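For reference, query-v4.tsv is printed below; it contains TSV, C-alpha atoms.
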```tsv
chain	number	residue	atom	x	y	z
A	223	MET	CA	-44.29	20.77	150.39
A	224	THR	CA	-45.61	17.52	151.84
A	225	GLU	CA	-48.72	18.32	153.81
A	226	LEU	CA	-49.90	14.88	154.87
A	227	LEU	CA	-47.65	12.07	156.08
A	228	PRO	CA	-47.91	8.81	158.00
A	229	LEU	CA	-46.78	9.60	161.55
A	230	ALA	CA	-43.66	7.44	161.23
A	231	GLU	CA	-42.37	9.76	158.46
A	232	VAL	CA	-42.97	13.05	160.28
A	233	SER	CA	-39.84	14.96	161.30
A	234	ASP	CA	-40.35	18.68	160.56
A	235	THR	CA	-41.72	20.65	163.53
A	236	SER	CA	-42.12	23.80	161.43
A	237	VAL	CA	-44.68	21.95	159.29
A	238	PHE	CA	-46.33	19.43	161.61
A	239	GLY	CA	-45.70	20.78	165.14
A	240	ALA	CA	-43.89	19.25	168.08
A	241	LYS	CA	-46.58	16.75	169.05
A	242	ALA	CA	-46.67	15.11	165.60
A	243	VAL	CA	-42.89	15.02	165.33
A	244	GLY	CA	-42.59	13.56	168.84
A	245	LEU	CA	-44.95	10.74	167.93
A	246	GLY	CA	-43.14	10.18	164.62
A	247	GLN	CA	-39.84	9.91	166.46
A	248	ALA	CA	-41.40	7.44	168.89
A	249	LEU	CA	-42.62	5.21	166.05
A	250	ARG	CA	-39.22	5.29	164.34
A	251	ASP	CA	-37.66	4.21	167.62
A	252	GLY	CA	-40.03	1.31	168.01
A	253	LEU	CA	-42.22	2.73	170.77
A	254	PRO	CA	-45.82	1.46	170.85
A	255	VAL	CA	-47.74	4.41	169.37
A	256	PRO	CA	-51.19	3.91	167.75
A	257	PRO	CA	-50.93	4.36	163.97
A	258	GLY	CA	-51.93	7.65	162.38
A	259	PHE	CA	-51.22	10.58	160.10
A	260	ALA	CA	-50.04	14.16	160.52
A	261	LEU	CA	-51.66	17.04	158.62
A	262	SER	CA	-49.86	20.36	158.11
A	263	GLY	CA	-51.36	23.67	159.25
A	264	PRO	CA	-52.18	24.87	155.70
A	265	LEU	CA	-53.93	21.57	154.93
A	266	VAL	CA	-55.98	21.83	158.14
A	267	GLU	CA	-56.92	25.37	157.16
A	268	ALA	CA	-57.91	24.27	153.63
A	269	VAL	CA	-60.19	21.60	155.09
A	270	ALA	CA	-61.58	24.12	157.58
A	271	VAL	CA	-62.60	26.39	154.72
A	272	ASP	CA	-64.28	23.41	152.98
A	273	ASP	CA	-61.85	23.20	150.09
A	274	GLU	CA	-63.23	20.12	148.32
A	275	ALA	CA	-59.89	18.81	147.05
A	276	ALA	CA	-58.34	19.09	150.52
A	277	VAL	CA	-61.31	17.39	152.20
A	278	ASP	CA	-61.15	14.50	149.69
A	279	ARG	CA	-57.41	14.17	149.99
A	280	VAL	CA	-57.51	13.89	153.77
A	281	ALA	CA	-60.46	11.48	153.79
A	282	THR	CA	-58.81	9.23	151.17
A	283	ALA	CA	-55.50	9.10	153.02
A	284	VAL	CA	-56.97	8.53	156.48
A	285	ARG	CA	-59.76	6.07	155.51
A	286	PRO	CA	-57.50	2.96	155.75
A	287	LEU	CA	-57.11	3.65	159.49
A	288	GLY	CA	-60.81	2.82	159.92
A	289	GLY	CA	-62.43	4.34	162.96
A	290	PRO	CA	-63.06	5.68	165.45
A	291	LEU	CA	-60.33	8.32	165.39
A	292	ALA	CA	-58.62	10.63	167.86
A	293	VAL	CA	-57.90	14.05	166.37
A	294	ARG	CA	-55.34	16.10	168.29
A	295	SER	CA	-53.94	19.55	167.60
A	296	SER	CA	-50.19	19.96	167.18
A	297	ALA	CA	-49.34	23.65	167.45
A	298	VAL	CA	-46.81	25.05	165.01
A	299	ASP	CA	-45.09	28.16	166.29
A	300	GLU	CA	-41.87	30.04	166.38
A	301	ASP	CA	-40.35	27.84	169.05
A	302	GLY	CA	-42.07	24.68	167.85
A	303	ALA	CA	-43.23	23.99	171.40
A	304	ASP	CA	-46.88	23.15	171.79
A	305	ALA	CA	-46.83	22.27	175.49
A	306	SER	CA	-47.57	25.90	176.36
A	307	PHE	CA	-50.83	25.67	174.40
A	308	ALA	CA	-52.18	22.84	176.53
A	309	GLY	CA	-55.80	23.59	177.27
A	310	GLN	CA	-56.09	26.11	174.44
A	311	HIS	CA	-56.06	23.83	171.43
A	312	LEU	CA	-58.66	21.16	171.12
A	313	THR	CA	-58.45	17.38	171.07
A	314	LEU	CA	-61.45	15.55	169.66
A	315	LEU	CA	-61.87	11.94	170.66
A	316	ASN	CA	-64.02	9.40	168.87
A	317	VAL	CA	-64.53	10.99	165.48
A	318	PRO	CA	-66.42	8.07	163.89
A	319	SER	CA	-64.57	7.89	160.55
A	320	ALA	CA	-62.39	9.71	158.03
A	321	ASP	CA	-65.52	11.08	156.36
A	322	GLU	CA	-66.34	13.12	159.48
A	323	LEU	CA	-62.91	14.71	159.71
A	324	GLY	CA	-63.92	17.99	158.03
A	325	LYS	CA	-66.04	19.15	160.96
A	326	ALA	CA	-63.42	17.99	163.47
A	327	LEU	CA	-60.60	19.84	161.72
A	328	ARG	CA	-62.73	23.01	161.52
A	329	GLU	CA	-63.35	22.85	165.27
A	330	ILE	CA	-59.66	22.41	165.95
A	331	TRP	CA	-58.79	25.30	163.63
A	332	TRP	CA	-61.24	27.51	165.53
A	333	SER	CA	-59.82	26.39	168.89
A	334	ALA	CA	-56.51	27.96	167.84
A	335	ASN	CA	-58.30	31.09	166.60
A	336	SER	CA	-60.78	31.60	169.44
A	337	ASP	CA	-60.85	34.77	171.52
A	338	SER	CA	-59.31	32.96	174.50
A	339	ALA	CA	-56.53	31.40	172.39
A	340	ILE	CA	-55.69	34.75	170.80
A	341	SER	CA	-55.65	36.50	174.20
A	342	TYR	CA	-53.43	33.74	175.56
A	343	ARG	CA	-51.03	34.09	172.63
A	344	LYS	CA	-50.72	37.81	173.26
A	345	ARG	CA	-50.06	37.23	176.96
A	346	ILE	CA	-47.12	34.96	176.14
A	347	GLY	CA	-45.81	37.42	173.54
A	348	LEU	CA	-46.96	35.74	170.32
A	349	PHE	CA	-48.51	38.22	167.92
A	350	THR	CA	-48.31	36.11	164.78
A	351	ARG	CA	-51.07	34.24	163.03
A	352	PRO	CA	-51.73	30.88	164.75
A	353	THR	CA	-51.00	27.75	162.76
A	354	VAL	CA	-52.31	24.45	163.98
A	355	ALA	CA	-51.28	21.12	162.52
A	356	VAL	CA	-53.18	17.98	163.45
A	357	VAL	CA	-52.47	14.38	164.37
A	358	VAL	CA	-55.15	11.82	163.42
A	359	GLN	CA	-54.78	8.44	165.10
A	360	VAL	CA	-56.82	5.33	165.71
A	361	LEU	CA	-58.73	5.87	168.95
A	362	LEU	CA	-58.06	3.09	171.43
A	363	ASP	CA	-60.79	1.62	173.60
A	364	PRO	CA	-58.60	1.31	176.68
A	365	GLU	CA	-59.29	-0.79	179.70
A	366	CYS	CA	-57.30	1.75	181.71
A	367	ALA	CA	-55.12	4.76	181.01
A	368	GLY	CA	-53.28	7.56	182.72
A	369	VAL	CA	-50.15	9.61	183.06
A	370	MET	CA	-46.59	8.89	184.19
A	371	PHE	CA	-43.67	11.11	185.17
A	372	THR	CA	-40.34	9.41	184.66
A	373	ARG	CA	-38.98	11.41	187.59
A	374	ASN	CA	-40.91	12.71	190.60
A	375	PRO	CA	-41.87	16.24	189.47
A	376	ILE	CA	-42.47	17.48	193.03
A	377	ASN	CA	-39.23	16.59	194.82
A	378	GLY	CA	-37.02	15.55	191.88
A	379	VAL	CA	-36.45	12.03	193.28
A	380	ASP	CA	-35.48	9.49	190.63
A	381	GLU	CA	-38.68	7.41	190.68
A	382	ARG	CA	-41.63	6.88	188.34
A	383	MET	CA	-44.85	8.52	189.44
A	384	ILE	CA	-47.87	6.88	187.82
A	385	GLU	CA	-51.57	7.73	187.92
A	386	ALA	CA	-54.20	5.42	186.43
A	387	SER	CA	-57.95	5.14	186.00
A	388	TRP	CA	-60.47	3.09	184.01
A	389	GLY	CA	-61.32	3.91	180.38
A	390	LEU	CA	-59.87	6.84	178.45
A	391	GLY	CA	-57.13	8.86	180.13
A	392	GLU	CA	-59.13	12.08	179.84
A	393	ALA	CA	-60.80	11.16	183.17
A	394	VAL	CA	-57.38	11.57	184.83
A	395	VAL	CA	-56.27	14.59	182.81
A	396	ALA	CA	-59.58	16.41	183.43
A	397	GLY	CA	-59.52	15.60	187.16
A	398	LEU	CA	-62.83	13.71	187.11
A	399	VAL	CA	-61.50	10.97	189.40
A	400	ILE	CA	-59.04	10.42	192.18
A	401	PRO	CA	-56.78	8.08	190.21
A	402	ASP	CA	-54.76	5.18	191.55
A	403	SER	CA	-51.26	6.36	192.28
A	404	TYR	CA	-48.09	4.32	192.09
A	405	CYS	CA	-44.46	4.98	192.80
A	406	VAL	CA	-41.95	2.69	191.10
A	407	ALA	CA	-38.18	2.79	191.55
A	408	ARG	CA	-36.01	2.88	188.46
A	409	ASP	CA	-35.03	-0.76	189.10
A	410	GLY	CA	-38.71	-1.72	188.89
A	411	GLN	CA	-39.39	-2.17	192.59
A	412	VAL	CA	-42.91	-0.96	193.41
A	413	GLN	CA	-42.53	1.40	196.35
A	414	GLU	CA	-46.12	2.49	196.74
A	415	ARG	CA	-49.53	1.68	195.29
A	416	ARG	CA	-52.55	3.61	196.50
A	417	PRO	CA	-56.04	2.86	195.15
A	418	GLY	CA	-57.99	5.90	194.01
A	419	LEU	CA	-61.70	6.65	193.97
A	420	LYS	CA	-62.65	6.12	190.36
A	421	ARG	CA	-66.40	6.55	190.33
A	422	VAL	CA	-66.60	7.57	186.66
A	423	ALA	CA	-64.83	6.73	183.42
A	424	ILE	CA	-64.95	8.12	179.89
A	425	ARG	CA	-65.52	6.00	176.82
A	426	GLY	CA	-66.41	6.57	173.16
A	427	LEU	CA	-70.01	6.57	171.97
A	428	PRO	CA	-70.97	4.51	168.92
A	429	GLY	CA	-72.04	7.60	166.92
A	430	GLY	CA	-69.05	9.74	167.91
A	431	GLY	CA	-68.08	11.86	170.89
A	432	THR	CA	-67.50	10.56	174.39
A	433	VAL	CA	-69.59	9.87	177.45
A	434	GLU	CA	-68.89	9.85	181.16
A	435	TYR	CA	-70.33	6.74	182.82
A	436	GLU	CA	-70.48	5.28	186.31
A	437	VAL	CA	-67.88	2.65	187.09
A	438	ALA	CA	-69.12	-0.67	188.55
A	439	PRO	CA	-68.96	-0.44	192.39
A	440	ASP	CA	-66.38	-3.22	192.75
A	441	LEU	CA	-63.98	-1.39	190.42
A	442	VAL	CA	-64.16	2.03	192.08
A	443	GLU	CA	-61.35	1.29	194.52
A	444	GLN	CA	-59.76	-1.63	192.68
A	445	LEU	CA	-56.23	-1.00	191.39
A	446	CYS	CA	-56.01	-0.72	187.58
A	447	LEU	CA	-52.40	-1.86	187.38
A	448	ASP	CA	-50.84	-5.14	188.49
A	449	ASP	CA	-47.12	-5.90	188.75
A	450	SER	CA	-46.74	-6.88	185.10
A	451	ARG	CA	-48.33	-3.65	183.87
A	452	LEU	CA	-46.21	-1.58	186.25
A	453	GLU	CA	-43.15	-3.39	184.90
A	454	ALA	CA	-44.25	-2.58	181.34
A	455	LEU	CA	-44.74	1.08	182.30
A	456	ASN	CA	-41.30	1.23	183.90
A	457	GLU	CA	-39.83	-0.19	180.70
A	458	LEU	CA	-41.79	2.36	178.65
A	459	ALA	CA	-40.39	5.14	180.87
A	460	ARG	CA	-36.87	3.83	180.31
A	461	ARG	CA	-37.35	3.67	176.53
A	462	CYS	CA	-38.88	7.15	176.40
A	463	GLU	CA	-35.93	8.60	178.33
A	464	GLU	CA	-33.58	6.80	175.97
A	465	VAL	CA	-35.32	8.26	172.91
A	466	TYR	CA	-36.28	11.75	174.12
A	467	GLY	CA	-34.01	12.43	177.09
A	468	PRO	CA	-34.64	12.56	180.85
A	469	ASP	CA	-37.65	13.84	182.82
A	470	ARG	CA	-40.64	12.95	180.65
A	471	ASP	CA	-44.37	13.47	181.15
A	472	ILE	CA	-46.09	10.52	179.47
A	473	GLU	CA	-49.71	9.76	178.59
A	474	TRP	CA	-50.35	6.04	178.16
A	475	ALA	CA	-53.19	3.55	177.75
A	476	VAL	CA	-53.69	-0.20	177.99
A	477	ALA	CA	-55.96	-1.69	175.32
A	478	ASP	CA	-56.30	-5.37	174.38
A	479	ASP	CA	-53.60	-6.09	176.95
A	480	THR	CA	-51.09	-3.92	175.09
A	481	LEU	CA	-49.47	-0.82	176.54
A	482	TYR	CA	-49.53	2.21	174.21
A	483	LEU	CA	-47.73	5.54	174.33
A	484	LEU	CA	-50.12	8.41	173.54
A	485	GLN	CA	-47.93	11.42	174.24
A	486	CYS	CA	-44.48	12.15	175.65
A	487	ARG	CA	-43.48	15.67	176.68
A	488	ALA	CA	-40.64	17.17	178.65
A	489	VAL	CA	-41.57	17.87	182.26
A	490	THR	CA	-41.72	21.63	182.40
A	491	LYS	CA	-40.35	21.86	185.95
A	492	VAL	CA	-38.80	19.29	188.20
A	493	GLY	CA	-38.60	20.22	191.86
A	494	GLY	CA	-36.05	19.28	194.48
A	495	ALA	CA	-32.30	19.68	194.29
B	1457	MET	CA	-69.03	26.73	147.80
B	1458	ALA	CA	-66.95	27.60	150.86
B	1459	GLY	CA	-67.29	30.81	152.83
B	1460	ALA	CA	-70.25	32.87	153.98
B	1461	PRO	CA	-73.23	33.80	151.76
B	1462	ALA	CA	-72.36	37.16	150.16
B	1463	GLU	CA	-75.97	38.37	150.21
B	1464	ALA	CA	-76.06	38.02	154.01
B	1465	LEU	CA	-72.80	39.95	154.32
B	1466	ARG	CA	-74.30	42.76	152.24
B	1467	ARG	CA	-76.55	43.59	155.23
B	1468	VAL	CA	-73.54	44.14	157.51
B	1469	PRO	CA	-72.87	47.91	157.61
B	1470	LEU	CA	-69.09	47.40	157.57
B	1471	PHE	CA	-69.33	45.61	154.23
B	1472	ALA	CA	-72.36	47.41	152.76
B	1473	ASP	CA	-70.39	49.62	150.36
B	1474	LEU	CA	-68.30	46.83	148.82
B	1475	ASP	CA	-69.08	45.86	145.23
B	1476	ASP	CA	-69.96	42.26	144.31
B	1477	ASP	CA	-66.38	41.18	143.56
B	1478	GLU	CA	-65.03	42.70	146.76
B	1479	LEU	CA	-67.81	41.17	148.80
B	1480	THR	CA	-67.11	37.74	147.27
B	1481	GLN	CA	-63.44	38.06	148.24
B	1482	VAL	CA	-64.44	38.80	151.83
B	1483	ALA	CA	-67.12	36.08	151.89
B	1484	LEU	CA	-64.61	33.41	150.83
B	1485	LEU	CA	-62.50	34.10	153.91
B	1486	PHE	CA	-65.25	33.03	156.31
B	1487	LYS	CA	-65.26	29.61	157.99
B	1488	GLU	CA	-68.23	27.88	159.49
B	1489	ARG	CA	-68.21	27.61	163.27
B	1490	ASN	CA	-70.73	25.66	165.29
B	1491	PHE	CA	-71.69	26.22	168.92
B	1492	THR	CA	-73.86	23.95	171.03
B	1493	ALA	CA	-76.85	25.24	173.04
B	1494	GLY	CA	-75.62	26.88	176.24
B	1495	GLU	CA	-72.09	27.47	174.95
B	1496	THR	CA	-70.50	30.90	175.35
B	1497	VAL	CA	-69.73	32.34	171.93
B	1498	VAL	CA	-67.85	35.45	173.05
B	1499	LYS	CA	-67.24	36.72	176.57
B	1500	GLU	CA	-67.49	40.29	177.79
B	1501	GLY	CA	-64.09	41.79	178.62
B	1502	VAL	CA	-62.07	39.22	176.65
B	1503	GLU	CA	-60.06	40.43	173.66
B	1504	GLY	CA	-61.80	39.55	170.43
B	1505	ALA	CA	-60.29	38.54	167.15
B	1506	ALA	CA	-63.22	37.47	165.00
B	1507	PHE	CA	-66.46	38.69	163.47
B	1508	PHE	CA	-69.46	36.35	163.33
B	1509	LEU	CA	-72.53	36.15	161.15
B	1510	ILE	CA	-75.32	33.85	162.39
B	1511	GLU	CA	-76.53	31.34	159.80
B	1512	SER	CA	-79.06	29.59	162.03
B	1513	GLY	CA	-80.02	29.29	165.69
B	1514	GLU	CA	-80.59	31.75	168.50
B	1515	ALA	CA	-78.26	33.50	170.92
B	1516	LYS	CA	-78.67	35.93	173.81
B	1517	VAL	CA	-76.66	39.05	174.54
B	1518	THR	CA	-75.86	39.98	178.14
B	1519	ILE	CA	-73.94	42.93	179.51
B	1520	ARG	CA	-72.70	42.75	183.09
B	1521	GLY	CA	-75.10	39.86	183.69
B	1522	THR	CA	-78.22	41.62	182.36
B	1523	GLU	CA	-79.87	40.21	179.26
B	1524	ARG	CA	-80.06	42.93	176.60
B	1525	ALA	CA	-81.07	41.32	173.33
B	1526	SER	CA	-81.46	38.13	171.40
B	1527	LEU	CA	-79.86	37.33	168.07
B	1528	GLY	CA	-80.94	35.02	165.24
B	1529	ALA	CA	-80.25	34.11	161.63
B	1530	GLY	CA	-78.72	37.03	159.69
B	1531	ASP	CA	-77.58	38.89	162.82
B	1532	HIS	CA	-73.90	39.60	163.30
B	1533	PHE	CA	-71.46	40.77	165.95
B	1534	GLY	CA	-67.79	41.61	166.44
B	1535	GLU	CA	-67.01	43.68	163.35
B	1536	ILE	CA	-64.97	46.25	165.27
B	1537	ALA	CA	-62.82	43.47	166.76
B	1538	LEU	CA	-61.76	42.75	163.18
B	1539	ILE	CA	-60.04	46.11	163.14
B	1540	ASP	CA	-58.95	46.95	166.68
B	1541	GLU	CA	-58.79	43.55	168.49
B	1542	GLY	CA	-60.47	45.31	171.41
B	1543	VAL	CA	-62.31	43.62	174.24
B	1544	ARG	CA	-65.80	42.23	173.72
B	1545	SER	CA	-68.45	44.63	175.02
B	1546	ALA	CA	-70.98	41.88	175.75
B	1547	THR	CA	-71.28	38.18	176.38
B	1548	ILE	CA	-73.08	36.21	173.70
B	1549	ALA	CA	-74.27	32.69	174.49
B	1550	ALA	CA	-76.00	30.16	172.26
B	1551	ILE	CA	-79.62	29.51	173.31
B	1552	THR	CA	-80.02	26.78	170.69
B	1553	ASP	CA	-77.38	25.05	168.61
B	1554	LEU	CA	-75.85	27.85	166.59
B	1555	VAL	CA	-74.27	27.81	163.15
B	1556	CYS	CA	-72.15	30.88	162.43
B	1557	TYR	CA	-69.71	32.03	159.80
B	1558	GLY	CA	-66.62	33.55	161.35
B	1559	LEU	CA	-63.87	35.77	159.99
B	1560	THR	CA	-60.67	36.35	161.95
B	1561	LEU	CA	-58.43	39.35	161.96
B	1562	TRP	CA	-55.64	37.15	160.60
B	1563	GLU	CA	-57.54	36.56	157.36
B	1564	PHE	CA	-59.15	39.96	157.05
B	1565	ARG	CA	-56.09	42.17	157.51
B	1566	PRO	CA	-54.03	40.83	154.56
B	1567	LEU	CA	-57.01	41.31	152.23
B	1568	VAL	CA	-57.48	44.91	153.33
B	1569	ILE	CA	-53.75	45.66	153.15
B	1570	ALA	CA	-53.54	44.20	149.64
B	1571	ASN	CA	-56.67	45.93	148.39
B	1572	GLY	CA	-56.73	49.69	148.97
B	1573	GLU	CA	-60.21	50.05	147.48
B	1574	ILE	CA	-61.70	47.69	150.06
B	1575	GLY	CA	-59.69	49.43	152.79
B	1576	TRP	CA	-60.98	52.86	151.80
B	1577	LYS	CA	-64.60	51.69	151.80
B	1578	LEU	CA	-64.11	50.21	155.25
B	1579	VAL	CA	-62.68	53.50	156.52
B	1580	GLN	CA	-65.74	55.29	155.12
B	1581	SER	CA	-68.00	52.75	156.81
B	1582	VAL	CA	-66.31	53.25	160.18
B	1583	ALA	CA	-66.48	57.05	159.70
B	1584	LYS	CA	-70.24	56.79	159.06
B	1585	LYS	CA	-70.62	54.77	162.22
B	1586	LEU	CA	-68.66	57.40	164.21
B	1587	ARG	CA	-70.76	60.22	162.80
B	1588	THR	CA	-73.97	58.36	163.65
B	1589	ALA	CA	-72.69	57.76	167.19
B	1590	GLU	CA	-71.86	61.49	167.58
B	1591	LEU	CA	-75.33	62.50	166.48
B	1592	SER	CA	-77.18	60.06	168.71
```

Write the structure described by the file as structure tokens, please.
Amino acid sequence: MTELLPLAEVSDTSVFGAKAVGLGQALRDGLPVPPGFALSGPLVEAVAVDDEAAVDRVATAVRPLGGPLAVRSSAVDEDGADASFAGQHLTLLNVPSADELGKALREIWWSANSDSAISYRKRIGLFTRPTVAVVVQVLLDPECAGVMFTRNPINGVDERMIEASWGLGEAVVAGLVIPDSYCVARDGQVQERRPGLKRVAIRGLPGGGTVEYEVAPDLVEQLCLDDSRLEALNELARRCEEVYGPDRDIEWAVADDTLYLLQCRAVTKVGGA
Amino acid sequence: MAGAPAEALRRVPLFADLDDDELTQVALLFKERNFTAGETVVKEGVEGAAFFLIESGEAKVTIRGTERASLGAGDHFGEIALIDEGVRSATIAAITDLVCYGLTLWEFRPLVIANGEIGWKLVQSVAKKLRTAELS
């Protein structure tokens, strides 16, 4: 069984989990996903237990990506859906290089085997051994990042809802800021843009890990996204719906003036009619 | 060599009666787990699924908010959770950075099921613990 593949070749959710397969599908369809690899659950476990051959194999394969790296869990379970494990399984940003992956993979393995993860699994009726695959990607150093719903998840209206803040998107996901919010019609017309209060941002540290820092005062209420970026996001939403189907929850980032897709999930519930 | 040091496991009552080969099999199932100072290792009332042996660092034990003990290198906790998946009876938090070796139920159970000799010794160990508890 293949246990380590470039993301673009990943298609088996029972081996690599839904997140890895989703990103592989995106790359095959030409979506702008940062390059990376997927590691199967058994390979992650072998690295976690310090199996020398497994550690070497992973480091050798991943080294050409350079660093720093983003290491994200991709849960492998009966239904192949990892969205329900959000918040349980770890993501580690800014792992300095492939040679530091062993510790990162061990932490991710434990996040799927922690007391809280096991209790959570029981609550949702999963009594089987957890398996966690992993996605390793180049970590971007984004100017801004955020989330986008391709349809309004509150009232079901057919419009893009976008939130954005400076630096890594974790500031938005973790609720550390009031992000800018935008509403864009499917035809690209910007219907609303509301500046947030973005006092902090998250960025990578040179030696690994991330840090929360204060945003320059003139940027706190300055919009992150201009018309051309909103147009690019609307196009990304259209392409994601084309590839994955309607009603998507997208994580994105802008680095070196390029828009990247970081994650694309189905919206779990869309309100309205 | 991966896994936990077998000689440290020998001091854990649950594993005390295992012979060297059996103890090595158990030791190889352990994975290192690191906690940073201040981090909660296990939380009182939450279902547990792993046993931990402390390699280095210090931790404190609290029950219903009252500090009861401190733990250091060579100390261990959670062995009963390996068998019954019951709730944690105390909260353990890292005072300093903590390096532990952990063993989950998922790894332990198949070994015990496949090896009756190990299983029997574990039953004896639990029985001893019960008898001690009755007498105290």

- [ ] Tell me which protein, DNA and RNA residues are within 6 Å of Val422 of chain A, counting only C-alpha atoms, leaving out same-chain ones fewer than 4 positions away, and put them as JSON, numbers by chain.
- [x] {"A": [435, 436, 437]}

Saved selection, atoms kept: C-alpha atoms, as an mmCIF file, in the frame of the given file:
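Writing done, so here's selection20.cif:
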```cif
data_model
loop_
_atom_site.group_PDB
_atom_site.id
_atom_site.type_symbol
_atom_site.label_atom_id
_atom_site.label_comp_id
_atom_site.auth_asym_id
_atom_site.auth_seq_id
_atom_site.Cartn_x
_atom_site.Cartn_y
_atom_site.Cartn_z
ATOM 1 C CA TYR A 435 -70.330 6.740 182.820
ATOM 2 C CA GLU A 436 -70.480 5.280 186.310
ATOM 3 C CA VAL A 437 -67.880 2.650 187.090
#
```

Task: Interatomic distance (Å, one decimal) between atom CA of Val1502 of chain B and atom CA of Glu1541 of chain B - done: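 So the two atoms, atom CA of Val1502 of chain B and atom CA of Glu1541 of chain B, lie 9.8 Å apart.
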
TODO: Please return, as a list of chain:residue names, all polymer residues that have at least one atom within 10 Å of the point (-38.2, 3.9, 175.2); use all atoms listed in the file and the file's own coordinate frame.
DONE: A:Ala248, A:Asp251, A:Gly252, A:Leu253, A:Pro254, A:Asn456, A:Glu457, A:Leu458, A:Ala459, A:Arg460, A:Arg461, A:Cys462, A:Glu463, A:Glu464, A:Val465, A:Tyr466, A:Gly467, A:Leu483

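Near chain A, within 7 Å and using all atoms listed in the file, the residues of chain B are Ala1458, Gly1459, Lys1487, Val1502, Glu1503, Gly1504, Ala1505 and Trp1562 of chain B.
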
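Among the candidate residues B:Pro1566, B:Ser1512, B:Ala1549, B:Glu1590, the one lying nearest to Thr1496 of chain B is B:Ala1549, with distances computed using all atoms listed in the file.
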
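Straight-line separation from atom CA of Glu392 of chain A to atom CA of His311 of chain A: 14.8 Å.
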
- [ ] Can you work out the spacing between atom CA of Gly1530 of chain B and atom CA of Gly1513 of chain B in Å, to one decimal?
- [x]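 About the pair atom CA of Gly1530 of chain B and atom CA of Gly1513 of chain B: they are 9.9 Å apart.
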
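Shell of Tyr1557 of chain B at 9 Å, with all atoms listed in the file counted and residues fewer than 5 places along the chain excluded, is Gly1459, Ala1460, Pro1461, Phe1486, Lys1487, Glu1488, Arg1489, Asn1490, Phe1507, Phe1508, Leu1509, Ile1510 and Glu1511 of chain B.
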
Can I get the selection written as a short mmCIF file (atom, residue, chain, number, x, y, z; two decimals), in the coordinates of the input, with C-alpha atoms?
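For reference, result_37.cif as written:
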```cif
data_model
loop_
_atom_site.label_atom_id
_atom_site.label_comp_id
_atom_site.auth_asym_id
_atom_site.auth_seq_id
_atom_site.Cartn_x
_atom_site.Cartn_y
_atom_site.Cartn_z
CA GLY B 1459 -67.29 30.81 152.83
CA ALA B 1460 -70.25 32.87 153.98
CA PRO B 1461 -73.23 33.80 151.76
CA PHE B 1486 -65.25 33.03 156.31
CA LYS B 1487 -65.26 29.61 157.99
CA GLU B 1488 -68.23 27.88 159.49
CA ARG B 1489 -68.21 27.61 163.27
CA ASN B 1490 -70.73 25.66 165.29
CA PHE B 1507 -66.46 38.69 163.47
CA PHE B 1508 -69.46 36.35 163.33
CA LEU B 1509 -72.53 36.15 161.15
CA ILE B 1510 -75.32 33.85 162.39
CA GLU B 1511 -76.53 31.34 159.80
#
```

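If you measure from each of A:Val442, A:Val255, A:Val489, A:Ala475 to Ile376 of chain A using all atoms listed in the file, the closest one turns out to be A:Val489.
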
- [ ] Determine, counting all atoms listed in the file, which protein, DNA and RNA residues have an atom within 9 Å of an atom of Asp469 of chain A; residues of the same chain fewer than 2 positions away are not included. Present the result as a ChimeraX atom specification.
- [x] /A:371-375,463,467,471,487-490,492

Task: Within 8 Å of Val317 of chain A using only C-alpha atoms, minus same-chain residues under 2 positions, as an NGL selection string - done: :A and (289-293 or 314-315 or 319-320 or 322-323 or 326 or 430-431)

Export C-alpha atoms of the chosen residues as a PDB file, in the frame of the given file?
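Saved result, out_19.pdb, follows:
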```pdb
ATOM      1  CA  GLY A 289     -62.430   4.340 162.960  1.00  0.00           C
ATOM      2  CA  PRO A 290     -63.060   5.680 165.450  1.00  0.00           C
ATOM      3  CA  LEU A 291     -60.330   8.320 165.390  1.00  0.00           C
ATOM      4  CA  ALA A 292     -58.620  10.630 167.860  1.00  0.00           C
ATOM      5  CA  VAL A 293     -57.900  14.050 166.370  1.00  0.00           C
ATOM      6  CA  LEU A 314     -61.450  15.550 169.660  1.00  0.00           C
ATOM      7  CA  LEU A 315     -61.870  11.940 170.660  1.00  0.00           C
ATOM      8  CA  SER A 319     -64.570   7.890 160.550  1.00  0.00           C
ATOM      9  CA  ALA A 320     -62.390   9.710 158.030  1.00  0.00           C
ATOM     10  CA  GLU A 322     -66.340  13.120 159.480  1.00  0.00           C
ATOM     11  CA  LEU A 323     -62.910  14.710 159.710  1.00  0.00           C
ATOM     12  CA  ALA A 326     -63.420  17.990 163.470  1.00  0.00           C
ATOM     13  CA  GLY A 430     -69.050   9.740 167.910  1.00  0.00           C
ATOM     14  CA  GLY A 431     -68.080  11.860 170.890  1.00  0.00           C
TER      15      GLY A 431
END
```

Box for segment 412-429 of chain A - axis-aligned, 6 Å on each of the six sides, all listed atoms - centre and size in Å to one decimal, as lines of an AutoDock Vina configuration file.
```
center_x = -57.3
center_y = 3.6
center_z = 181.8
size_x = 41.5
size_y = 21.1
size_z = 41.8
```

Task: Among the residues A:Gly418, A:Gly263, A:Gly324, A:Gly258, the one that comes closest to Ala275 of chain A [using all atoms listed in the file] - done: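 Result for the nearest residue to Ala275 of chain A: A:Gly324.
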
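Near Ala386 of chain A, within a cut-off of 8 Å and counting all atoms listed in the file, sit the residues Cys366, Ala367, Gly368, Val369, Gly391, Val394, Pro401, Asp402, Ser403, Cys446 and Leu447 of chain A, with same-chain residues fewer than 3 positions away left out.
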
Produce a table with one row for each residue of segment 1504-1554 of chain B that has an atom at most 12 Å from any atom of segment 1581-1586 of chain B, each row naming the nearest atom pair and its distance in Å at one decimal; use all atoms listed in the file; arrange rows by chain and rising residue number; format as a tab-separated table.
```
residue	atom	partner	partner_atom	distance
B:Glu1535	CA	B:Val1582	CA	10.1
B:Ile1536	CA	B:Val1582	CA	8.8
B:Leu1538	CA	B:Val1582	CA	11.8
B:Ile1539	CA	B:Val1582	CA	10.0
B:Asp1540	CA	B:Val1582	CA	11.7
```
